[in-house]
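Undergrad: One structure is given below, represented as structure tokens, and several questions about it will come after.
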Amino acid sequence: MHRYFTHFGKIAWITFVIFCTCSGAAFAQLIHFIEPVAEQELQSSPELDEYETRIRRNPNVTAFHFVRLNPLKKAQRDGVMKINIPGQARPITAEVSHVEYHDDSNYEWIGKTDEGRGTIVLIAKSGRISAHISTPAGIYEIFPAPNGLYCLQEINPGKASDVGCATDAGDKAGNRTHAELSPPSTETPIDHNAKMNACQPLVNPRVLVLYTPKALELANNVQTIIDQANLSIAQFNSTIYNSGITSNAVLTLAGVAALDFIEKDNKMTGDVNDLSMNISAQNLRDQYQADLVVLFTNGNYGARGATATPFFNNSTAYSIVQILNAVTNKTFTHEVGHILGCRHDGEDGNPQYAQGYNIKNGLGVVIDRTMMSDKTADGSNRLLNFSNPNISVGGKATGTAANNNNAKRITETHLVVGGFRPNPTPPLAAYIDGPTYVTTQGGKNFELNYSCGNAPYSFVWQYSYDGVNYTLSNTTTDIFTWFFYQNQKIYLKGTVTAGGKSTTAFIAITAQMPSPYRQGSAGIDSMDTFNPDFEVTPNPASEQIQIHYNLETEADVSLEIMDLSGILLKNLVPPRTRQMRGAHSLFWKNDKLENGSYLVKLTIDDKIVVKRIIVQK
């Protein structure tokens with residue numbers, strides 16, 4: 001079988017292999033996430049032949065390649081990953097922006113590229129991995145394929161740049177003037193100032209994904225539809241994170257179900273209004289307790305998606321999305337934005353600011369556009385961002401306060417949309433309360449709030465420097481303290497167990513300390529800046545540790561071993577010990593320290609430097 005399109009030629013492949021060999025060594029990435037499969041390695045089968053035929057019929061795909069995917073834990077280093085695309089000379093470099101990592105079979109990893117202009121979304125659900133890679137230079141997707149393989153698809157950038165929204169230009173003002181009033185809630189109000197011991201209602205909007213017989217025929221099986229649904233929701237949620245919107249606005253999947261619905265040719269706006277009045281769709285929505293509904297179709301439409309009007313309305317919280325365009329064209333995220341009250345760029349309405357936004361260069365040419373922008377800039381890069389004047393991408397604001405602030409609109413509407421249908425009985429739930437941005441040194445507390453469980457409760461904390469590789473902490477209470485000394489990114493994972501059930505919450509913290517040398521006061525900074533000769537080896541260490549530092553002048557010195565909360569464990573050099581200029585070394589046998597991470601704090605006069613050391617016996 002001929003597995004590639006013509007431009008995956010031998011020269012490009014040789015270039016790719018040579019580049020991977022060289023760049024991999026420089027980056028020190030353990031293994032590549034994407035591992036190409038050579039033609040001779042493919043085992044022919046009817047399933048693989050049929051899969052390839054369906055891919056070739058997809059008008060959005062210009063090239064494809066069968067690949068294997070390696071574990072995320074080994075394919076990233078310190079929150080940075082290089083994605084090698086077969087046939088491309090340069091890898092795509094992504095830095096993690098959001099990650100929820102349970103294990104290598106279940107995770108969500110979102111990274112930013114090109115100064116925030118590109119986003120990589122990787123999700124794993126029960127071992128099935130899907131990905132959407134959207135950058136100014138190219139758009140790619142990865143989905144499971146037969147025989148334990150994956151298919152990396154290169155998307156036509158011209159076709160992918162437009163969501164193809166056909167939403168009617170009628171009443172979509174985004175207010176609730178024409179919407180029925182929700183009945184008074186009988187649920188217990190949420191006390192945001194109290195620890196969540198009482199069982200609280202769910203607040204995140206729940207989406208039900210339905211599919212038509214034609215969509216199933218195109219997808220070939222229900223699992224492929226579920227993959228599209230999961231990746232669509234992950235793409236929407238990454239847009240929420242990128243836009244500075246509260247995580248309470250992210251979607252949760254209520255379910256995936258079939259709907260006996262026949263598409264009418266070129267009648268998407270009529271079909272979406274019919275969908276909102278379809279008794280079977282309404283019954284399924286009630287059954288799954290879903291706040292909004294998206295129907296995957298494969299109709300003979302000229303458009304790719306449409307939403308019933310008016311927006312932000314209980315009875316019209318329905319959208320139709322062509323299944324091939326849900327993720328590829330970001331149409332799912334765009335249409336859900338309409339349900340939440342967001343409008344296209346340049347569309348007047350109430351409130352005025354609920355519009356998309358186009359970002360222009362110095363010549364007035366649109367180079368980037370936000371999620372709700374319509375067809376005003378075909379071919380420009382579409383960001384996974386809702387318009388927000390307070391968020392910049394590539395040094396340019398993604399909105400204006402007066403006319404273009406979809407982030408503000410979603411902040412106002414998500415709780416109402418999340419209450420369109422009665423909430424299901426909440427499961428054991430948890431979240432971590434604490435600062436996500438730290439600018440001063442010292443210990444900061446993080447509290448694991450929990451609800452809907454049965455006592456007794458137990459707690460486990462883990463910490464990570466990349467969001468993937470976690471180290472177990474010895475803290476077993478619901479309060480965890482982390483001691484911040486220097487610029488760093490920390491990821492915390494808290495797990496609460498009650499009544500035989502467990503749930504896990506995540507939080508990422510960025511520490512950005514002001515430079516002590518510009519301010520003329522004591523503080524923390526990188527050791528490479530202050531004392532490049534400060535070394536702690538080996539690292540990781542078992543028992544014997546050597547510490548080396550250099551003094552440029554005679555100084556008062558102290559050297560301490562602390563835990564991550566800043567608690568002193570051992571004085572290796574007592575405070576204010578006067579030492580002569582020159583190199584100093586000492587050995588220390590750490591036979592009393594348990595496995596984990598610790599801090600080695602060196603104070604020279606009024607300057608402090610800290611190194612982290614990992615103990616592994």
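Just so we're on the same page: first chain in the structure tokens is A, next is B, and so on; residues restart at 1 for each chain, and ligands are numbered from 1 in the order they show up.
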Would you kindly return, as a PyMOL selection string, each protein, DNA or RNA residue with an atom no farther than 8 Å from any atom of A:Thr510, considering only C-alpha atoms and excluding same-chain residues fewer than 3 positions away?
TA: chain A and resi 436-438+487-490
Undergrad: Can those selected residues be exported to a file as a short mmCIF file (atom, residue, chain, number, x, y, z; two decimals), in the first residue's frame so that it contains N, CA and C atoms?
TA:
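Result file is out12.cif:
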data_model
loop_
_atom_site.label_atom_id
_atom_site.label_comp_id
_atom_site.auth_asym_id
_atom_site.auth_seq_id
_atom_site.Cartn_x
_atom_site.Cartn_y
_atom_site.Cartn_z
N THR A 436 -1.80 31.36 42.71
CA THR A 436 -1.24 30.80 41.48
C THR A 436 -0.09 31.64 40.96
N TYR A 437 0.13 32.80 41.58
CA TYR A 437 1.23 33.68 41.18
C TYR A 437 1.86 34.26 42.44
N VAL A 438 3.15 34.01 42.64
CA VAL A 438 3.85 34.38 43.87
C VAL A 438 4.97 35.34 43.53
N ASN A 487 12.69 32.15 41.31
CA ASN A 487 11.79 32.03 40.16
C ASN A 487 11.63 30.55 39.79
N GLN A 488 10.40 30.11 39.70
CA GLN A 488 10.18 28.72 39.34
C GLN A 488 8.69 28.51 39.04
N LYS A 489 8.40 27.36 38.43
CA LYS A 489 7.03 26.93 38.20
C LYS A 489 6.84 25.63 38.96
N ILE A 490 5.78 25.59 39.78
CA ILE A 490 5.51 24.43 40.61
C ILE A 490 4.11 23.93 40.31
#
Undergrad: Name all residues at most 7 Å from A:Gly434 (count only C-alpha atoms; drop same-chain ones fewer than 5 positions away) and give them as a ChimeraX atom specification.
TA: /A:445-447
Undergrad: So which one's closest to A:Ile34, A:Leu48, A:Val336, A:Cys151, A:Val96? Using only C-alpha atoms, please.
TA: A:Cys151
Undergrad: As a ChimeraX atom specification, please: every residue in stretch 27-175 of chain A that a backbone DSSP assignment puts in helix (DSSP H, G or I).
TA: /A:27,39-41,46-57,72-75,114-116,157-160
Undergrad: Residues as selected, C-alpha atoms, written as a compact mmCIF listing (two decimals), in the first residue's frame, can you do that?
TA:
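Final file, again23.txt:
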# COMPACT_ATOMS: atom_id res chain seq x y z
CA PHE A 27 17.36 19.36 23.74
CA GLU A 39 6.43 1.62 5.06
CA GLN A 40 7.94 -1.82 5.46
CA GLU A 41 6.82 -1.99 9.09
CA PRO A 46 -8.73 -4.73 5.84
CA GLU A 47 -9.16 -2.38 8.80
CA LEU A 48 -6.06 -0.38 7.89
CA ASP A 49 -7.05 -0.24 4.22
CA GLU A 50 -10.53 1.00 5.08
CA TYR A 51 -9.11 3.56 7.51
CA GLU A 52 -6.75 4.92 4.88
CA THR A 53 -9.59 5.20 2.37
CA ARG A 54 -11.63 7.28 4.79
CA ILE A 55 -8.68 9.58 5.51
CA ARG A 56 -8.11 10.18 1.80
CA ARG A 57 -11.76 11.22 1.43
CA LEU A 72 4.40 11.71 27.61
CA LYS A 73 6.51 11.39 30.74
CA LYS A 74 9.59 10.55 28.68
CA ALA A 75 8.81 12.79 25.72
CA ASP A 114 5.22 30.77 18.78
CA GLU A 115 4.87 33.34 21.60
CA GLY A 116 1.38 32.11 22.39
CA PRO A 157 -4.34 25.62 6.57
CA GLY A 158 -6.58 27.53 4.17
CA LYS A 159 -9.58 25.37 5.00
CA ALA A 160 -8.77 25.15 8.70
Undergrad: Just checking: using only C-alpha atoms, which residue out of A:Asn595, A:Thr495, A:Asn220, A:Asn60 ends up closest to A:Ala326?
TA: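 Answer, going by the shortest atom-to-atom distance: A:Asn60.
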Undergrad: Determine, counting only C-alpha atoms, which protein, DNA and RNA residues have an atom within 12 Å of an atom of A:Ser247; residues of the same chain fewer than 6 positions away are not included. Present the result as a VMD selection string.
TA: chain A and resid 98 203 to 205 236 to 241 407 410 to 411 414 to 415 431 to 432 506 to 507
Undergrad: If I take atom CA of A:Gly346 and atom CA of A:His334, how far is one from the other in Å, to one decimal?
TA: 15.6 Å
Undergrad: Compile the contact shell of A:Ala131 as a PyMOL selection string: residues with an atom at most 8 Å away, counting only C-alpha atoms, same-chain residues fewer than 5 positions apart removed.
TA: chain A and resi 120-123+141-143+231
Undergrad: Could you pull the residues within 7 Å of A:Gly443, counting only C-alpha atoms, minus those fewer than 6 positions along the same chain, as a list in words?
TA: Thr481, Trp482, Phe483, Phe484, Ser565 and Gly566 of chain A
Undergrad: Output all heavy atoms for every residue in that selection, as a PDB file, in the first residue's frame.
TA:
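result_8.pdb was written with the following content:
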ATOM      1  N   THR A 481       2.173  23.311  52.551  1.00  0.00           N
ATOM      2  CA  THR A 481       2.969  24.537  52.519  1.00  0.00           C
ATOM      3  C   THR A 481       4.181  24.330  51.620  1.00  0.00           C
ATOM      4  O   THR A 481       4.904  23.342  51.762  1.00  0.00           O
ATOM      5  CB  THR A 481       3.444  24.932  53.925  1.00  0.00           C
ATOM      6  OG1 THR A 481       2.315  25.089  54.775  1.00  0.00           O
ATOM      7  CG2 THR A 481       4.215  26.246  53.880  1.00  0.00           C
ATOM      8  N   TRP A 482       4.350  25.271  50.687  1.00  0.00           N
ATOM      9  CA  TRP A 482       5.518  25.249  49.812  1.00  0.00           C
ATOM     10  C   TRP A 482       6.329  26.509  50.063  1.00  0.00           C
ATOM     11  O   TRP A 482       5.774  27.602  50.114  1.00  0.00           O
ATOM     12  CB  TRP A 482       5.095  25.165  48.341  1.00  0.00           C
ATOM     13  CG  TRP A 482       6.265  25.055  47.404  1.00  0.00           C
ATOM     14  CD1 TRP A 482       6.975  26.068  46.853  1.00  0.00           C
ATOM     15  CD2 TRP A 482       6.860  23.850  46.927  1.00  0.00           C
ATOM     16  NE1 TRP A 482       7.988  25.574  46.054  1.00  0.00           N
ATOM     17  CE2 TRP A 482       7.932  24.215  46.081  1.00  0.00           C
ATOM     18  CE3 TRP A 482       6.584  22.494  47.126  1.00  0.00           C
ATOM     19  CZ2 TRP A 482       8.725  23.267  45.446  1.00  0.00           C
ATOM     20  CZ3 TRP A 482       7.382  21.562  46.487  1.00  0.00           C
ATOM     21  CH2 TRP A 482       8.430  21.949  45.661  1.00  0.00           C
ATOM     22  N   PHE A 483       7.644  26.330  50.202  1.00  0.00           N
ATOM     23  CA  PHE A 483       8.522  27.458  50.486  1.00  0.00           C
ATOM     24  C   PHE A 483       9.147  27.956  49.182  1.00  0.00           C
ATOM     25  O   PHE A 483       9.864  27.215  48.507  1.00  0.00           O
ATOM     26  CB  PHE A 483       9.613  27.051  51.473  1.00  0.00           C
ATOM     27  CG  PHE A 483      10.189  28.215  52.217  1.00  0.00           C
ATOM     28  CD1 PHE A 483       9.588  28.713  53.353  1.00  0.00           C
ATOM     29  CD2 PHE A 483      11.344  28.825  51.768  1.00  0.00           C
ATOM     30  CE1 PHE A 483      10.133  29.790  54.034  1.00  0.00           C
ATOM     31  CE2 PHE A 483      11.887  29.903  52.437  1.00  0.00           C
ATOM     32  CZ  PHE A 483      11.278  30.385  53.577  1.00  0.00           C
ATOM     33  N   PHE A 484       8.864  29.197  48.813  1.00  0.00           N
ATOM     34  CA  PHE A 484       9.361  29.782  47.571  1.00  0.00           C
ATOM     35  C   PHE A 484      10.607  30.627  47.853  1.00  0.00           C
ATOM     36  O   PHE A 484      10.577  31.531  48.687  1.00  0.00           O
ATOM     37  CB  PHE A 484       8.286  30.655  46.918  1.00  0.00           C
ATOM     38  CG  PHE A 484       7.117  29.871  46.402  1.00  0.00           C
ATOM     39  CD1 PHE A 484       6.002  29.663  47.201  1.00  0.00           C
ATOM     40  CD2 PHE A 484       7.143  29.323  45.137  1.00  0.00           C
ATOM     41  CE1 PHE A 484       4.927  28.932  46.732  1.00  0.00           C
ATOM     42  CE2 PHE A 484       6.071  28.588  44.654  1.00  0.00           C
ATOM     43  CZ  PHE A 484       4.958  28.392  45.455  1.00  0.00           C
ATOM     44  N   SER A 565       9.022  23.148  52.937  1.00  0.00           N
ATOM     45  CA  SER A 565       8.249  24.148  53.666  1.00  0.00           C
ATOM     46  C   SER A 565       9.135  25.189  54.323  1.00  0.00           C
ATOM     47  O   SER A 565       8.644  26.119  54.948  1.00  0.00           O
ATOM     48  CB  SER A 565       7.381  23.469  54.735  1.00  0.00           C
ATOM     49  OG  SER A 565       6.465  22.586  54.146  1.00  0.00           O
ATOM     50  N   GLY A 566      10.452  25.025  54.183  1.00  0.00           N
ATOM     51  CA  GLY A 566      11.386  25.977  54.774  1.00  0.00           C
ATOM     52  C   GLY A 566      11.780  25.658  56.201  1.00  0.00           C
ATOM     53  O   GLY A 566      12.425  26.472  56.874  1.00  0.00           O
TER      54      GLY A 566
END
